[in-house]
Amino acid sequence: MKPGNYTLQDISRIVEGDLIGNSDPQEIIYLIIDSRKIVFPKNSIFFAIHGPQHDGHQYLNDAIKAGVRNFIISNKKNISNTPPDCRFIVVNDTLAALQKLAGHHRRLFHIPLVGITGSNGKTIVKDWLSQVLSIQYNVCKSPKSYNSQVGVPLSVWNLHTENEIGIFEAGISQKGEMQRLETIIQPQIGIFTNIGTAHEENFSSMEEKIREKLLLFQHADTIILRNDSPLVESESRKIYSSKNIVSWGRTEQSRFKCSTIEKSGDTEIYLTDGDTNYTFTIPFADPASVENAVHVFVAAIILKADMAIITEQMKWLSKVNMRLSFKTGKNNCFIIDDTYSNDLDSLKIAIDSLTNLAQYPKKTIILSDIAQSKTKKEDLYKEVAQILQQKKIDKVIGIGEEINQYQSFFKGDLHFFKNADTLVHHLHDIHFNNEAILIKGARSFGLEKIVTRLENKVHDTVLEVNLNAMVNNLNYYRSHIPAGTKIMAMVKASGYGTGTHEIAHVLNFHHVDYLSVAYTDEGIELRNRGIELPIMVMNAEATSYELLIEKKLEPVIYNFEYLLQLTDHKQNGGNIPPIHLEIDTGMHRLGFDVEKIDELIALLKKERGVEIKSIFSHLAASDEPDMDPFTIEQLNLFKEIAGRIEKELGIKVIKHIANSAGASRFNEAAFDMIRLGVGLYGVGSNESEQAKLQPVVQLFSTITQITSIKKGSSVGYGRSYIAEKDMKIATVPIGYADGYRRSLGNGKGKMFVNGIPAHVIGRVCMDMTMIDITGIEAEIGDQVEIIGENHPIGIFAKSIDTIPYEVLTSISQRVRRVYTQE
């Protein structure tokens with residue numbers, strides 16, 4: 001069995017379960033724990049996870065309705081009344097089975113694995129280390145902050161044969177949890193990040209908490225830690241005296257001695273390891289970022305990464321927005337969104353970020369209860385109040401019963417509310433203007449709705465573009481092509497709707513070789529934005545030679561008319577740009593006919609001054625296995641014709657024919673360069689490839705109005721929908737002018753509200769759409785997912801009988817683009 005190739009029988013054997021039902025040779029690719037997130041049911045297996053607040057067995061029917069036929073359960077009574085083609089593996093503990101399967105999968109890989117734990121900084125260190133290493137290696141990492149008992153096995157399951165390094169984070173909230181995660185990750189290298197008070201209430205002491213976390217490294221060869229924390233180092237050496245503990249810090253006992261100099265928002269960091277000195281710069285000045293960056297740099301050294309690449313990459317570390325993101329607020333305010341967690345240590349870090357915003361004269365904090373602390377509540381909130389006073393926070397808005405109880409400790413402009421909903425209803429009573437606002441709270445308080453109301457939004461509909469996902473996809477295709485093969489990235493049509501220059505800068509940074517646009521204007525925009533990569537223009541105007549030369553753009557020549565115009569211009573004393581020759585090998589869209597190649601060669605022999613940069617063609621059906629014989633014919637024909645042109649003209653040029661699907665499915669299609677299009681944006685050519693790509697775009701909107709209607713009432717233009725019962729409907733500010741097709745009206749389309757599908761009712765309007773939220777708990781301002789985790793772009797495209805290309809490029813430019821790291 002190869003890594004990643006599992007049948008139901010294989011899984012039954014690995015988890016030591018009883019298989020009920022007919023065996024199926026279908027490959028299992030996806031592990032599903034949420035019945036709402038099923039995309040490829042045939043290749044999925046659903047784990048009915050039983051937790052303290054939910055039981056996955058309750059959702060078996062939903063998974064069956066979605067097409068899943070493979071299940072791991074712990075209760076046989078759920079088998080009754082299921083379709084006869086369903087197959088069940090019965091185990092004692094479904095979570096343990098998930099972890100056992102992931103642990104088995106991990107043992108099939110003999111590559112360096114890095115395990116990261118601590119209280120704060122795990123996700124940032126993981127993402128930054130991946131960013132630094134991805135230039136050299138194919139990296140598999142935990143998505144987002146998947147570090148829990150469920151998140152870790154789902155992360156490790158993503159390991160595939162192309163990966164060269166794995167980076168996984170592990171978090172625990174009580175004793176006994178880390179032992180289980182260690183058997184899954186089994187890291188050779190461990191990183192212990194900042195230790196703090198989060199989940200302190202579940203451990204008898206800080207020492208016990210550290211010891212539990214250190215269990216992640218019980219079989220590791222190397223542990224990286226900051227020895228300025230005496231407890232962490234002393235406990236590490238008690239447990240792992242014989243291991244290679246790589247410490248760094250400002251003390252003489254550190255292996256890597258560290259010093260820093262802040263320079264205009266950047267920080268220059270100096271490390272000394274014996275006689276070896278290292279210097280690098282990061283684009284941050286706060287202490288937390290410095291600590292996280294040194295962890296990353298030391299880990300990269302241990303992994304023997306190229307030092308020049310490490311140093312260069314450290315300059316471009318990106319802010320990780322999962323924990324702390326920065327947004328423009330209404331009334332000239334600036335928002336720090338930290339609505340992920342709330343413990344005393346992370347609060348101090350967030351407040352430092354707030355006070356660093358010197359350009360805003362007033363500082364405000366919206367703060368929830370601090371739940372994860374063993375400190376006596378009175379002492380805890382007294383300390384918080386003292387910190388806020390010391391940092392000169394002007395306005396304090398408290399949310400939660402505990403902070404309300406101790407509001408007398410706080411000073412300044414004070415407002416206290418029992419919950420976030422109450423604050424939402426009273427926001428109009430609080431004046432916000434020209435101030436920096438930190439919104440800090442645990443997930444359970446739902447402070448995201450506060451961010452939504454204070455954020456300055458030009459349009460309530462947002463297209464989120466995940467740049468990390470795009471880099472992941474780029475590296476996936478890199479792993480499938482021979483070393484030295486060039487990559488051309490297609491950024492035409494405004495980067496498939498995601499934004500031309502924003503995407504181009506990322507691709508430029510990650511060393512693609514060429515960009516391709518459809519029209520000259522697109523190429524000029526990229527040049528004006530500072531992009532210096534070679535750019536091929538697919539449909540350059542025949543009269544724009546001088547402009548093409550000025551902007552160093554290279555046109556495609558695909559017929560004799562355009563070629564003769566080019567040569568005439570040259571004969572009349574004009575300058576001409578380098579060109580790319582397009583050959584029609586069977587797509588019959590553009591390109592020189594194969595029967596006229598001799599004529600083409602004769603003309604080019606005559607006009608020796610024409611510089612040919614590349615010869616290329618298009619595959620017509622590289623993503624359709626039934627058409628593989630035709631694709632092979634195209635490849636052979638292209639090889640013959642391109643070789644003949646090179647031989648007859650005595651030249652050697654770049655040859656390319658493979659698109660995303662061609663590059664991944666046909667080794668022989670790579671030639672000298674591949675062209676990445678929709679695959680780069682996270683759309684695979686088949687289910688197997690889709691599993692290895694990450695979605696780059698998500699489309700969200702918000703509820704602007706909720707209305708209750710009676711049976712018999714009509715909704716929308718033309719009264720095309722008549723309510724058959726009393727209903728609750730929501731209006732969402734997206735319509736056909738935004739790219740949400742009119743054909744999605746009257747039940748054909750659906751959106752997701754709080755993870756629950758809500759169907760479109762009535763006709764889609766130019767700027768608005770109405771959805772049925774009967775039975776769904778929702779409020780004005782709640783986020784609505786149109787394309788995303790619950791509703792992938794492939795499924796959305798099928799709902800309107802089209803392809804993801806058209807969906808992406810149809811999203812209106814008036815829809816705001818937001819670029820994220822996760």
# chains A, B, ... in the order shown; residues from 1 in each chain; ligands from 1

call {"tool": "residues_around", "arguments": {"residues": "Arg250 of chain A", "least_positions_apart": "4", "cutoff": "8 Å", "atoms": "only C-alpha atoms", "output": "count of residues only"}}
result
5

call {"tool": "select_by_dssp", "arguments": {"residues": "segment 108-335 of chain A", "states": "strand (DSSP E or B)", "output": "number ranges by chain"}}
result
A: 113-117, 120, 139-141, 165-169, 189-192, 194, 222-226, 244-249, 256-263, 266-273, 276-282, 325-329, 334-335

call {"tool": "closest_residue", "arguments": {"among": "A:Leu214, A:Ile302, A:Ile14, A:Val139", "to": "Ile189 of chain A", "atoms": "only C-alpha atoms"}}
result
A:Ile302

call {"tool": "closest_residue", "arguments": {"among": "A:Met766, A:Ile261, A:Val296, A:Ala48", "to": "Thr123 of chain A", "atoms": "only C-alpha atoms"}}
result
A:Val296

call {"tool": "select_by_dssp", "arguments": {"residues": "segment 383-466 of chain A", "states": "alpha helix (DSSP H)", "output": "PyMOL selection string"}}
result
chain A and resi 383-390+401-405+420-426+448-454

call {"tool": "write_last_selection", "arguments": {"atoms": "N, CA and C atoms", "output": "short mmCIF file (atom, residue, chain, number, x, y, z; two decimals), in the first residue's frame"}}
result
data_model
loop_
_atom_site.label_atom_id
_atom_site.label_comp_id
_atom_site.auth_asym_id
_atom_site.auth_seq_id
_atom_site.Cartn_x
_atom_site.Cartn_y
_atom_site.Cartn_z
N GLU A 383 -5.70 42.96 38.05
CA GLU A 383 -4.47 43.06 37.25
C GLU A 383 -4.77 43.60 35.86
N VAL A 384 -5.86 43.11 35.24
CA VAL A 384 -6.23 43.60 33.91
C VAL A 384 -6.49 45.10 33.95
N ALA A 385 -7.22 45.56 34.96
CA ALA A 385 -7.52 46.99 35.09
C ALA A 385 -6.25 47.81 35.25
N GLN A 386 -5.31 47.27 36.01
CA GLN A 386 -4.05 47.97 36.20
C GLN A 386 -3.26 48.07 34.90
N ILE A 387 -3.26 46.99 34.12
CA ILE A 387 -2.56 47.01 32.83
C ILE A 387 -3.16 48.07 31.91
N LEU A 388 -4.48 48.14 31.84
CA LEU A 388 -5.14 49.11 30.97
C LEU A 388 -4.85 50.53 31.42
N GLN A 389 -4.77 50.74 32.72
CA GLN A 389 -4.45 52.08 33.22
C GLN A 389 -3.01 52.45 32.91
N GLN A 390 -2.11 51.47 33.09
CA GLN A 390 -0.69 51.71 32.80
C GLN A 390 -0.47 52.02 31.31
N GLU A 401 -20.34 38.38 32.19
CA GLU A 401 -20.83 38.52 33.57
C GLU A 401 -19.69 38.78 34.55
N GLU A 402 -18.53 38.14 34.32
CA GLU A 402 -17.43 38.30 35.27
C GLU A 402 -16.87 39.72 35.26
N ILE A 403 -16.56 40.22 34.06
CA ILE A 403 -15.97 41.55 33.98
C ILE A 403 -16.96 42.61 34.46
N ASN A 404 -18.26 42.33 34.29
CA ASN A 404 -19.27 43.23 34.83
C ASN A 404 -19.22 43.27 36.35
N GLN A 405 -18.95 42.13 36.93
CA GLN A 405 -18.92 42.04 38.39
C GLN A 405 -17.79 42.88 38.99
N ALA A 420 -22.34 40.07 23.82
CA ALA A 420 -22.07 40.82 22.60
C ALA A 420 -23.35 41.32 21.95
N ASP A 421 -24.43 40.55 22.05
CA ASP A 421 -25.70 40.97 21.44
C ASP A 421 -26.20 42.28 22.06
N THR A 422 -26.05 42.38 23.37
CA THR A 422 -26.49 43.61 24.04
C THR A 422 -25.66 44.81 23.56
N LEU A 423 -24.37 44.60 23.41
CA LEU A 423 -23.52 45.68 22.91
C LEU A 423 -23.94 46.08 21.49
N VAL A 424 -24.24 45.08 20.65
CA VAL A 424 -24.67 45.37 19.28
C VAL A 424 -25.87 46.33 19.29
N HIS A 425 -26.81 46.10 20.18
CA HIS A 425 -28.02 46.92 20.23
C HIS A 425 -27.74 48.33 20.76
N HIS A 426 -26.60 48.50 21.44
CA HIS A 426 -26.30 49.81 22.03
C HIS A 426 -25.09 50.49 21.37
N GLU A 448 -17.02 38.64 16.76
CA GLU A 448 -16.90 38.91 15.32
C GLU A 448 -18.01 39.85 14.84
N LYS A 449 -19.18 39.74 15.46
CA LYS A 449 -20.30 40.59 15.04
C LYS A 449 -20.03 42.06 15.39
N ILE A 450 -19.22 42.28 16.44
CA ILE A 450 -18.84 43.66 16.77
C ILE A 450 -17.88 44.19 15.70
N VAL A 451 -16.92 43.35 15.31
CA VAL A 451 -15.98 43.74 14.25
C VAL A 451 -16.75 44.10 12.98
N THR A 452 -17.72 43.28 12.64
CA THR A 452 -18.50 43.48 11.42
C THR A 452 -19.18 44.85 11.41
N ARG A 453 -19.69 45.26 12.57
CA ARG A 453 -20.41 46.53 12.61
C ARG A 453 -19.51 47.75 12.66
N LEU A 454 -18.31 47.58 13.19
CA LEU A 454 -17.41 48.73 13.29
C LEU A 454 -16.50 48.85 12.07
#

call {"tool": "atom_distance", "arguments": {"atom1": "atom CA of Lys728 of chain A", "atom2": "atom CA of Leu463 of chain A"}}
result
26.6 Å

call {"tool": "residues_around", "arguments": {"residues": "Val594 of chain A", "least_positions_apart": "2", "cutoff": "9 Å", "atoms": "only C-alpha atoms", "output": "ChimeraX atom specification"}}
result
/A:583-585,591-592,596-598,637,641

call {"tool": "write_last_selection", "arguments": {"atoms": "N, CA and C atoms", "output": "CSV table (one decimal), in the first residue's frame"}}
result
chain,number,residue,atom,x,y,z
A,583,ILE,N,1.0,27.3,-32.1
A,583,ILE,CA,0.7,26.2,-33.1
A,583,ILE,C,-0.6,25.6,-32.7
A,584,ASP,N,-1.5,25.4,-33.7
A,584,ASP,CA,-2.8,24.7,-33.5
A,584,ASP,C,-2.6,23.2,-33.7
A,585,THR,N,-2.5,22.4,-32.6
A,585,THR,CA,-2.4,21.0,-32.7
A,585,THR,C,-3.7,20.2,-32.5
A,591,GLY,N,-3.9,29.8,-33.7
A,591,GLY,CA,-2.6,29.1,-33.9
A,591,GLY,C,-2.4,28.8,-35.4
A,592,PHE,N,-1.1,28.6,-35.7
A,592,PHE,CA,-0.8,28.2,-37.1
A,592,PHE,C,-1.2,26.8,-37.4
A,596,LYS,N,0.5,24.2,-42.6
A,596,LYS,CA,1.2,25.3,-43.1
A,596,LYS,C,2.5,25.7,-42.4
A,597,ILE,N,3.0,24.7,-41.7
A,597,ILE,CA,4.2,24.9,-40.9
A,597,ILE,C,5.4,25.1,-41.8
A,598,ASP,N,5.5,24.4,-43.0
A,598,ASP,CA,6.6,24.7,-44.0
A,598,ASP,C,6.6,26.1,-44.4
A,637,LEU,N,2.4,15.4,-31.8
A,637,LEU,CA,2.4,16.4,-32.9
A,637,LEU,C,3.1,17.6,-32.5
A,641,ILE,N,6.5,19.1,-34.4
A,641,ILE,CA,6.5,20.4,-35.1
A,641,ILE,C,7.5,21.4,-34.5

call {"tool": "residues_around", "arguments": {"residues": "Val290 of chain A", "least_positions_apart": "5", "cutoff": "12 Å", "atoms": "only C-alpha atoms", "output": "VMD selection string"}}
result
chain A and resid 121 124 to 125 128 193 to 194 226 249 258 to 262 265 to 270 280 to 285 295 to 297 314 317

call {"tool": "closest_residue", "arguments": {"among": "A:Ser799, A:Ser142, A:Asn667, A:Thr328", "to": "Gly749 of chain A", "atoms": "only C-alpha atoms"}}
result
A:Ser799
